[in-house]
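Have a look at protein36.txt; it's compact mmCIF, C-alpha atoms:
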# COMPACT_ATOMS: atom_id res chain seq x y z
CA MET A 8 24.30 -1.58 -5.32
CA ARG A 9 22.06 -1.35 -8.23
CA SER A 10 19.13 1.02 -8.03
CA THR A 11 15.96 1.28 -10.04
CA ARG A 12 14.88 4.62 -11.37
CA PRO A 13 11.33 5.94 -11.00
CA SER A 14 10.01 8.86 -13.01
CA VAL A 15 10.73 12.34 -11.70
CA THR A 16 7.40 12.49 -10.15
CA VAL A 17 8.68 9.14 -9.31
CA ARG A 18 10.21 7.88 -6.15
CA ARG A 19 13.98 7.87 -6.40
CA GLY A 20 15.51 4.70 -4.99
CA ARG A 21 17.29 1.73 -6.40
CA GLY A 22 16.93 3.19 -9.81
CA PRO A 23 13.72 5.14 -10.30
CA ARG A 24 12.24 5.33 -13.73
CA ARG A 25 11.22 8.70 -15.02
CA THR A 26 8.47 9.71 -17.37
CA SER A 27 8.28 12.97 -19.22
CA PRO A 28 6.32 15.63 -17.33
CA THR A 29 2.78 16.43 -18.42
CA VAL A 30 0.43 19.11 -17.18
CA ALA A 31 -2.74 17.09 -17.11
CA ALA A 32 -3.20 15.16 -13.87
CA VAL A 33 -4.85 12.27 -15.69
CA ALA A 34 -1.92 11.95 -18.06
CA LEU A 35 0.49 12.13 -15.12
CA ALA A 36 -1.26 9.33 -13.30
CA SER A 37 -0.56 6.93 -16.12
CA ALA A 38 2.83 8.32 -17.09
CA LEU A 39 4.67 8.61 -13.80
CA ALA A 40 7.21 6.08 -12.74
CA LEU A 41 8.40 5.68 -9.18
CA THR A 42 11.75 6.88 -7.88
CA ALA A 43 13.66 6.20 -4.71
CA THR A 44 11.84 8.84 -2.74
CA ALA A 45 8.37 9.50 -1.47
CA CYS A 46 5.78 11.50 -3.34
CA ASN A 47 2.63 13.21 -2.20
CA GLY A 48 1.26 11.80 1.01
CA ASP A 49 -2.35 12.15 2.00
CA ASP A 50 -2.51 12.39 5.74
CA ASN A 51 -6.12 13.27 6.34
CA ALA A 52 -7.71 12.20 9.59
CA ASP A 53 -10.04 9.87 7.65
CA ALA A 54 -7.26 8.26 5.70
CA LYS A 55 -6.53 4.58 6.23
CA PRO A 56 -4.39 3.80 9.26
CA SER A 57 -0.76 3.28 8.40
CA ALA A 58 0.81 -0.14 8.72
CA SER A 59 3.90 -0.94 10.69
CA ALA A 60 6.43 -3.73 10.63
CA THR A 61 8.87 -3.97 13.50
CA VAL A 62 11.37 -6.37 14.96
CA ALA A 63 12.82 -5.85 18.40
CA GLY A 64 16.35 -4.46 18.30
CA THR A 65 18.94 -4.55 21.05
CA GLY A 66 21.25 -1.71 20.01
CA ASP A 67 24.19 -4.15 20.10
CA GLY A 68 24.13 -4.97 16.42
CA LYS A 69 21.95 -8.03 16.93
CA ILE A 70 18.29 -8.53 16.09
CA ARG A 71 15.97 -10.51 18.31
CA ILE A 72 13.00 -11.95 16.43
CA PRO A 73 9.84 -12.35 18.56
CA ASP A 74 8.51 -15.89 18.87
CA ASP A 75 5.21 -15.01 17.16
CA LEU A 76 7.09 -13.67 14.14
CA LYS A 77 9.31 -16.75 14.09
CA GLN A 78 6.14 -18.82 13.79
CA LYS A 79 4.93 -16.68 10.88
CA LEU A 80 8.28 -17.12 9.17
CA LYS A 81 8.15 -20.86 9.76
CA ALA A 82 4.73 -20.90 8.12
CA HIS A 83 6.40 -19.30 5.08
CA GLY A 84 9.07 -22.00 5.17
CA ILE A 85 11.74 -19.55 6.33
CA ASP A 86 14.58 -20.70 8.55
CA ILE A 87 16.55 -17.72 9.93
CA ASP A 88 19.88 -19.51 9.88
CA LYS A 89 19.36 -20.61 6.29
CA TRP A 90 18.16 -17.08 5.50
CA LYS A 91 21.50 -15.64 6.60
CA ASN A 92 23.29 -18.24 4.49
CA GLY A 93 21.58 -17.18 1.27
CA ALA A 94 17.97 -18.34 1.53
CA TRP A 95 16.93 -14.65 1.36
CA LYS A 96 17.62 -14.87 -2.39
CA ASN A 97 14.45 -16.93 -2.81
CA TRP A 98 11.80 -14.49 -4.06
CA ASN A 99 9.02 -17.02 -4.65
CA LYS A 100 5.74 -15.18 -4.25
CA GLN A 101 4.64 -17.28 -1.30
CA ASP A 102 7.91 -16.55 0.48
CA TRP A 103 7.94 -12.81 -0.16
CA LEU A 104 6.75 -11.42 3.17
CA ARG A 105 4.14 -8.79 2.48
CA GLU A 106 2.01 -7.96 5.49
CA ALA A 107 2.83 -4.95 7.66
CA ASN A 108 3.96 -7.02 10.63
CA ASP A 109 6.04 -9.51 8.64
CA PHE A 110 9.14 -7.35 8.27
CA ILE A 111 12.38 -9.11 9.22
CA ASN A 112 15.95 -8.07 8.49
CA PRO A 113 18.54 -10.30 10.20
CA ILE A 114 22.01 -8.71 10.13
CA ILE A 115 24.41 -10.41 7.72
CA LYS A 116 27.77 -8.91 8.68
CA GLY A 117 29.93 -7.77 5.80
CA LEU A 118 27.20 -8.24 3.17
CA TRP A 119 27.31 -4.59 2.18
CA ASP A 120 30.93 -4.40 1.13
CA PRO A 121 32.30 -1.47 -0.96
CA ASN A 122 31.75 -3.26 -4.27
CA ARG A 123 28.15 -4.17 -3.48
CA MET A 124 27.40 -0.62 -2.34
CA ARG A 125 28.92 0.95 -5.44
CA HIS A 126 26.84 -1.16 -7.81
CA ALA A 127 23.40 -0.91 -6.25
CA ASN A 128 20.48 0.42 -8.31
CA ASP A 129 17.35 2.44 -7.47
CA PRO A 130 13.64 1.28 -7.12
CA ASN A 131 10.31 2.90 -8.18
CA LYS A 132 7.35 3.85 -5.97
CA GLY A 133 5.10 6.81 -4.83
CA VAL A 134 3.24 8.88 -2.12
CA HIS A 135 0.22 11.08 -1.18
CA ASP A 136 -0.45 14.52 0.40
CA ASN A 137 -2.53 16.49 2.92
CA ASP A 138 -5.83 18.21 2.20
CA ILE A 139 -4.64 21.80 2.51
CA SER A 140 -7.09 24.55 1.71
CA GLY A 141 -6.27 26.07 -1.66
CA ASP A 142 -3.93 23.27 -2.69
CA GLN A 143 -6.22 20.25 -2.95
CA GLY A 144 -6.65 19.05 -6.52
CA VAL A 145 -4.43 21.80 -7.94
CA THR A 146 -1.60 21.23 -10.42
CA ASP A 147 0.66 24.17 -11.20
CA PRO A 148 2.61 24.58 -14.46
CA THR A 149 5.62 22.29 -14.85
CA PRO A 150 8.58 23.95 -13.12
CA GLN A 151 11.74 24.88 -14.99
CA PRO A 152 14.62 22.44 -14.40
CA VAL A 153 16.98 23.42 -11.57
CA LYS A 154 20.49 22.03 -11.96
CA ALA A 155 21.47 19.80 -9.04
CA GLN A 156 24.49 21.14 -7.15
CA ALA A 157 27.17 18.91 -5.63
CA VAL A 158 27.28 19.19 -1.83
CA ALA A 159 30.63 20.39 -0.52
CA THR A 160 32.73 17.80 1.25
CA PRO A 161 33.06 16.47 3.83
CA TYR A 162 29.37 15.55 3.80
CA HIS A 163 29.50 14.99 7.54
CA THR A 164 30.12 18.72 7.97
CA ASN A 165 27.70 20.05 5.35
CA ALA A 166 24.90 17.45 5.30
CA ALA A 167 25.38 15.22 8.34
CA THR A 168 21.85 13.80 8.33
CA SER A 169 21.98 12.52 4.73
CA GLY A 170 22.95 9.01 3.65
CA LYS A 171 22.11 6.06 1.45
CA VAL A 172 19.65 3.22 2.04
CA PHE A 173 20.75 -0.14 0.61
CA PHE A 174 18.57 -3.23 0.15
CA ASP A 175 18.01 -6.31 -1.99
CA SER A 176 15.07 -6.92 -4.33
CA PRO A 177 14.21 -9.60 -6.92
CA GLU A 178 15.99 -7.36 -9.46
CA GLY A 179 19.22 -7.23 -7.48
CA HIS A 180 21.07 -4.80 -5.19
CA MET A 181 19.16 -1.55 -4.78
CA VAL A 182 19.76 1.90 -3.33
CA CYS A 183 17.79 4.94 -2.19
CA SER A 184 18.57 8.03 -0.16
CA GLY A 185 17.57 8.68 3.44
CA THR A 186 17.65 11.22 6.28
CA VAL A 187 18.35 10.88 10.01
CA VAL A 188 15.34 12.29 11.89
CA GLU A 189 14.63 13.02 15.54
CA ASP A 190 12.99 10.44 17.80
CA PRO A 191 10.57 11.87 20.39
CA ALA A 192 11.10 8.76 22.55
CA HIS A 193 14.88 9.27 22.62
CA PRO A 194 15.74 13.00 22.44
CA GLY A 195 19.28 13.50 21.19
CA LYS A 196 19.71 9.75 20.69
CA SER A 197 17.65 8.89 17.63
CA ASN A 198 18.08 5.76 15.54
CA LEU A 199 15.37 6.70 13.04
CA VAL A 200 15.82 7.18 9.29
CA TRP A 201 13.22 8.65 6.92
CA THR A 202 12.98 7.40 3.33
CA ALA A 203 10.40 6.53 0.65
CA GLY A 204 7.86 3.74 0.99
CA HIS A 205 9.01 2.25 -2.31
CA CYS A 206 12.48 1.90 -0.82
CA VAL A 207 11.27 -0.60 1.80
CA HIS A 208 8.21 -2.33 0.28
CA ALA A 209 7.31 -3.22 -3.32
CA GLY A 210 3.65 -2.14 -2.97
CA LYS A 211 0.54 -3.98 -4.10
CA LYS A 212 2.35 -6.62 -6.17
CA GLY A 213 5.15 -7.46 -3.76
CA GLY A 214 6.38 -7.37 -0.19
CA TRP A 215 9.20 -6.18 2.07
CA TYR A 216 12.66 -5.79 0.61
CA ARG A 217 15.57 -7.53 2.30
CA ASN A 218 19.02 -6.86 3.79
CA MET A 219 18.11 -3.21 4.41
CA ALA A 220 20.87 -0.96 5.75
CA PHE A 221 21.65 2.75 6.05
CA VAL A 222 25.06 4.33 5.47
CA PRO A 223 25.27 7.92 6.79
CA SER A 224 27.61 10.32 4.92
CA TYR A 225 28.25 7.70 2.24
CA ASN A 226 31.56 8.51 0.46
CA ASN A 227 32.09 11.35 2.92
CA SER A 228 35.10 12.81 1.11
CA GLY A 229 33.34 12.88 -2.28
CA LYS A 230 35.74 10.59 -4.15
CA SER A 231 35.06 9.79 -7.80
CA ALA A 232 33.91 6.37 -8.97
CA ASP A 233 37.43 5.62 -10.20
CA GLN A 234 38.95 6.62 -6.87
CA LEU A 235 36.50 4.33 -5.07
CA GLN A 236 37.46 1.22 -7.05
CA ASN A 237 39.87 0.06 -4.33
CA ALA A 238 38.42 2.02 -1.42
CA SER A 239 38.06 0.34 1.95
CA ARG A 240 34.73 -0.02 3.68
CA SER A 241 35.73 2.63 6.21
CA GLU A 242 36.33 5.12 3.39
CA ILE A 243 32.92 4.52 1.87
CA ALA A 244 31.09 4.15 5.20
CA PRO A 245 33.13 6.19 7.74
CA TYR A 246 30.25 6.28 10.23
CA GLY A 247 29.36 2.63 9.89
CA VAL A 248 26.70 0.44 8.34
CA TRP A 249 23.41 0.53 10.24
CA TRP A 250 20.93 -2.32 9.70
CA ALA A 251 17.18 -1.80 9.87
CA ASP A 252 15.63 -3.72 12.75
CA ALA A 253 12.21 -2.18 12.17
CA ALA A 254 10.42 -0.62 9.20
CA LYS A 255 7.08 0.98 8.64
CA THR A 256 5.30 2.42 5.63
CA SER A 257 1.70 3.43 5.03
CA GLN A 258 -1.00 0.83 4.44
CA GLN A 259 -1.94 2.93 1.41
CA TRP A 260 1.45 2.25 -0.13
CA ILE A 261 1.22 -1.46 0.63
CA ASP A 262 -2.27 -1.62 -0.92
CA GLN A 263 -1.84 0.75 -3.87
CA GLY A 264 1.86 1.28 -4.60
CA GLY A 265 3.22 0.37 -8.00
CA GLU A 266 6.43 0.66 -9.99
CA THR A 267 5.09 3.20 -12.44
CA GLY A 268 2.34 5.80 -12.44
CA GLY A 269 1.17 7.79 -9.46
CA ASN A 270 -0.46 4.91 -7.59
CA GLY A 271 0.16 5.28 -3.86
CA ALA A 272 2.52 8.23 -4.40
CA SER A 273 0.77 10.43 -1.87
CA TYR A 274 1.67 7.91 0.81
CA ASP A 275 5.13 6.99 -0.43
CA TYR A 276 7.11 7.42 2.77
CA ALA A 277 8.65 5.15 5.36
CA VAL A 278 10.54 5.19 8.65
CA ILE A 279 13.16 2.64 9.60
CA HIS A 280 14.80 2.05 12.97
CA VAL A 281 18.45 1.03 12.75
CA THR A 282 21.13 -0.69 14.81
CA PRO A 283 24.89 -0.74 14.11
CA GLU A 284 26.18 -3.80 12.28
CA GLN A 285 29.23 -4.04 14.52
CA GLY A 286 27.57 -3.16 17.82
CA GLY A 287 30.04 -0.38 18.53
CA SER A 288 30.33 2.19 21.30
CA GLY A 289 26.68 2.21 22.30
CA LYS A 290 26.15 5.61 20.68
CA SER A 291 22.95 6.19 18.74
CA LEU A 292 22.91 7.09 15.05
CA GLU A 293 22.13 10.71 15.92
CA GLU A 294 25.07 10.89 18.35
CA THR A 295 27.33 9.25 15.77
CA VAL A 296 26.55 11.68 12.94
CA GLY A 297 26.05 14.70 15.20
CA GLY A 298 22.47 15.61 14.42
CA ALA A 299 18.93 14.70 13.35
CA LEU A 300 16.18 16.70 11.67
CA PRO A 301 12.75 17.37 13.18
CA VAL A 302 9.78 16.34 11.00
CA ASN A 303 6.98 18.82 10.26
CA PHE A 304 3.63 17.01 10.02
CA ASP A 305 1.69 20.26 9.65
CA ALA A 306 2.73 20.61 6.02
CA PRO A 307 2.64 24.26 4.94
CA ALA A 308 0.58 25.22 1.89
CA VAL A 309 2.63 26.01 -1.22
CA PRO A 310 2.02 29.81 -1.14
CA LYS A 311 3.59 29.87 2.34
CA VAL A 312 6.81 28.12 1.30
CA SER A 313 9.59 30.29 -0.14
CA SER A 314 11.89 27.38 -0.97
CA ILE A 315 12.59 23.70 -0.36
CA THR A 316 15.96 21.95 -0.55
CA ALA A 317 15.98 18.31 -1.71
CA SER A 318 19.03 16.10 -1.11
CA GLY A 319 20.00 12.75 -2.55
CA TYR A 320 22.51 10.48 -4.24
CA PRO A 321 21.30 10.35 -7.89
CA GLU A 322 22.51 7.22 -9.65
CA ALA A 323 21.06 7.38 -13.18
CA ALA A 324 23.03 9.15 -15.92
CA PRO A 325 24.56 11.68 -15.98
CA PHE A 326 25.19 10.84 -12.29
CA ASP A 327 26.79 7.68 -10.90
CA GLY A 328 25.37 7.40 -7.37
CA GLN A 329 28.64 8.11 -5.58
CA LEU A 330 28.14 11.82 -4.79
CA LEU A 331 25.59 13.80 -2.77
CA TYR A 332 23.62 16.53 -4.56
CA GLN A 333 20.96 19.10 -3.67
CA CYS A 334 18.32 21.15 -5.50
CA LYS A 335 16.74 24.30 -4.08
CA ASP A 336 13.53 25.72 -5.57
CA LYS A 337 10.20 27.32 -4.68
CA PRO A 338 7.68 24.46 -4.78
CA GLY A 339 4.57 24.18 -6.90
CA ARG A 340 1.67 21.74 -6.62
CA LEU A 341 1.06 18.40 -8.31
CA SER A 342 -2.28 16.60 -7.99
CA ILE A 343 -2.37 13.10 -9.42
CA ASN A 344 -5.73 12.20 -7.92
CA LYS A 345 -8.13 14.86 -6.61
CA ALA A 346 -9.09 12.59 -3.72
CA ASP A 347 -5.49 12.39 -2.57
CA PRO A 348 -3.38 15.07 -0.91
CA THR A 349 -1.60 17.38 -3.34
CA MET A 350 2.14 16.83 -3.65
CA TYR A 351 4.98 19.30 -3.61
CA ARG A 352 6.86 19.64 -6.90
CA ILE A 353 10.18 21.37 -7.59
CA GLY A 354 12.49 21.81 -10.54
CA CYS A 355 15.48 19.47 -10.15
CA THR A 356 17.75 17.47 -12.44
CA MET A 357 18.48 14.68 -9.93
CA THR A 358 17.73 11.22 -11.27
CA ALA A 359 17.03 7.76 -9.91
CA GLY A 360 18.77 6.93 -6.66
CA SER A 361 17.68 10.21 -5.12
CA SER A 362 14.40 8.53 -4.15
CA GLY A 363 13.63 8.83 -0.47
CA GLY A 364 16.00 11.75 -0.04
CA GLY A 365 14.84 14.45 2.37
CA TRP A 366 13.09 17.70 1.45
CA VAL A 367 13.87 20.43 3.97
CA GLU A 368 12.13 23.75 4.57
CA THR A 369 13.33 26.45 6.93
CA GLY A 370 10.40 27.77 8.95
CA SER A 371 9.70 31.26 10.26
CA ASP A 372 11.70 30.32 13.36
CA GLY A 373 14.78 29.89 11.19
CA LYS A 374 15.03 26.16 11.94
CA PRO A 375 15.10 23.50 9.20
CA ALA A 376 12.59 20.64 9.24
CA LEU A 377 11.81 17.68 7.01
CA VAL A 378 8.57 18.27 5.06
CA SER A 379 8.75 15.66 2.26
CA ASN A 380 10.88 13.08 0.49
CA THR A 381 11.60 12.40 -3.17
CA SER A 382 9.05 10.09 -4.68
CA ILE A 383 8.50 10.52 -8.40
CA GLY A 384 9.66 12.39 -11.48
CA PRO A 385 9.75 12.23 -15.29
CA VAL A 386 12.02 9.81 -17.09
CA THR A 387 13.96 12.63 -18.67
CA SER A 388 14.38 14.36 -15.30
CA GLY A 389 13.85 18.08 -14.78
CA TRP A 390 11.53 18.01 -11.76
CA LEU A 391 10.74 15.93 -8.68
CA ALA A 392 7.60 15.48 -6.61
CA GLY A 393 7.17 14.41 -3.01
CA PRO A 394 4.30 13.77 -0.56
CA ARG A 395 3.38 16.26 2.13
CA PHE A 396 3.35 14.88 5.64
CA GLY A 397 0.10 14.72 7.61
CA ASP A 398 -1.70 12.36 9.96
CA VAL A 399 -0.85 9.13 8.13
CA ALA A 400 2.85 10.03 7.94
CA LYS A 401 2.77 11.02 11.60
CA GLY A 402 1.23 7.66 12.48
CA VAL A 403 3.99 5.80 10.62
CA TYR A 404 6.64 7.84 12.45
CA GLN A 405 5.12 7.53 15.92
CA SER A 406 4.55 3.79 15.67
CA VAL A 407 8.25 3.10 15.07
CA SER A 408 9.28 5.54 17.80
CA LYS A 409 6.88 4.01 20.32
CA LYS A 410 8.03 0.48 19.51
CA PHE A 411 11.46 1.32 20.90
CA ALA A 412 10.39 3.82 23.57
CA GLY A 413 11.28 1.55 26.47
CA GLN A 414 14.61 0.35 25.06

Will you turn the file into structure tokens for me?
Amino acid sequence: MRSTRPSVTVRRGRGPRRTSPTVAAVALASALALTATACNGDDNADAKPSASATVAGTGDGKIRIPDDLKQKLKAHGIDIDKWKNGAWKNWNKQDWLREANDFINPIIKGLWDPNRMRHANDPNKGVHDNDISGDQGVTDPTPQPVKAQAVATPYHTNAATSGKVFFDSPEGHMVCSGTVVEDPAHPGKSNLVWTAGHCVHAGKKGGWYRNMAFVPSYNNSGKSADQLQNASRSEIAPYGVWWADAAKTSQQWIDQGGETGGNGASYDYAVIHVTPEQGGSGKSLEETVGGALPVNFDAPAVPKVSSITASGYPEAAPFDGQLLYQCKDKPGRLSINKADPTMYRIGCTMTAGSSGGGWVETGSDGKPALVSNTSIGPVTSGWLAGPRFGDVAKGVYQSVSKKFAGQ
């Protein structure tokens, strides 16, 4: 797929654009481009409620669309059968579903073939952060670049919860990174994936992206682009293709998010619920990959964090999107808007495509937990920024979990 590239303080997704880092928050706000990962996320109790978009899933690889949503789609002139046969390519403004509850994603079997996955690009968007005493409104000096390190193969052994998020946009096939996370409603059997808001919704000037799917341990054996030219689908997606049957991002991202700059970056996160394209054995995503990460919504202040590890599939040069990389660094702070939660920022040379990838911190108990996702960065790369999770992020997460609690 093709991916757009957001700036390094950008969300890294289908191909995030990056802008050169600046120290001044005002300059950053206008310079940042979004990548395929989430940026700072303001989760204060008084923040706007997050918005959800869900479609009932069955776990058998089929999606059941509620009658009320079918009526909404009909009002937009959308016929589901025609949609599956190519009508989804119509991106006329009036047909681009935008509202939180308008998300639909009918499974189109075989759409994400090896060729389509290899050529997807990354999108641009952003997020917001918590009001943590001592961090609010603070921007630390630009961190030194940290060279991204290739994850040892097989990825299923060394980074089982990581994968790629594929989707279609008006610009073409797109890609972001994502992380399998725990589901409180289904302990040990989660079907939840965390990614950036700009990887699921275009923000204030657009709507929900289409044909969204998650591929865990993409290119598990770490083959080169040349070696993948004639690879089978099972080689590229050994643990299957999982289609989103529900998605939720923050209302802040829907209202404020943009392709460049820091708009909405503090709330640039999303949760999708997935179902296997082929139905399969009845095992959940978590059971299939062998694990899921807990999410920490009590984001620790920067002085209390010794290091954070960010993972993703960078697609912009000098990378090609086929391999999984990680950066490990002690985070600093990035404030784009004093009224918004301060974001985490680390040195990292990952580029577009890494958007939405998980940021993991190991707590005092020795257990790793998701604390952020890639959202933005400079065009020339060198650092990444991500939102800290608070009440708004927690609301996004819980709403998707609760939707499927009885299923």

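Using only C-alpha atoms for every distance, the candidate list A:Gly213, A:Pro152, A:Gly289, A:Gly66 yields A:Pro152 as the residue closest to Met357 (chain A).
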
(message) For region 306-318 of chain A, find every residue with an atom within 7 Å (counting all atoms listed in the file), except residues of its own chain fewer than 2 positions away, and show them as a list in words.
(response)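 Once the nearby chain positions are removed, what remains is Ile139, Asp142, Asn303, Phe304, Tyr332, Gln333, Cys334, Lys335, Asp336, Lys337, Pro338, Gly339, Arg340, Gly364, Gly365, Trp366, Val367, Glu368, Val378, Arg395, Phe396 and Gly397 of chain A.
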
Go ahead and fit an axis-aligned box to every listed atom of region 345-354 of chain A plus 6 Å each side, and pass me the centre and edge lengths in Å, one decimal, as JSON.
{"center_x": 1.7, "center_y": 17.1, "center_z": -5.7, "size_x": 33.6, "size_y": 21.4, "size_z": 21.6}

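Counting from CA of Tyr404 (chain A), the distance to CA of Ala299 (chain A) is 14.1 Å.
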
(message) Quick one: residues within 6 Å of region 184-188 of chain A, only C-alpha atoms, excluding same-chain residues fewer than 4 positions away - as a PyMOL selection string?
(response) chain A and resi 168-172+199-202+299-301+319+361-365
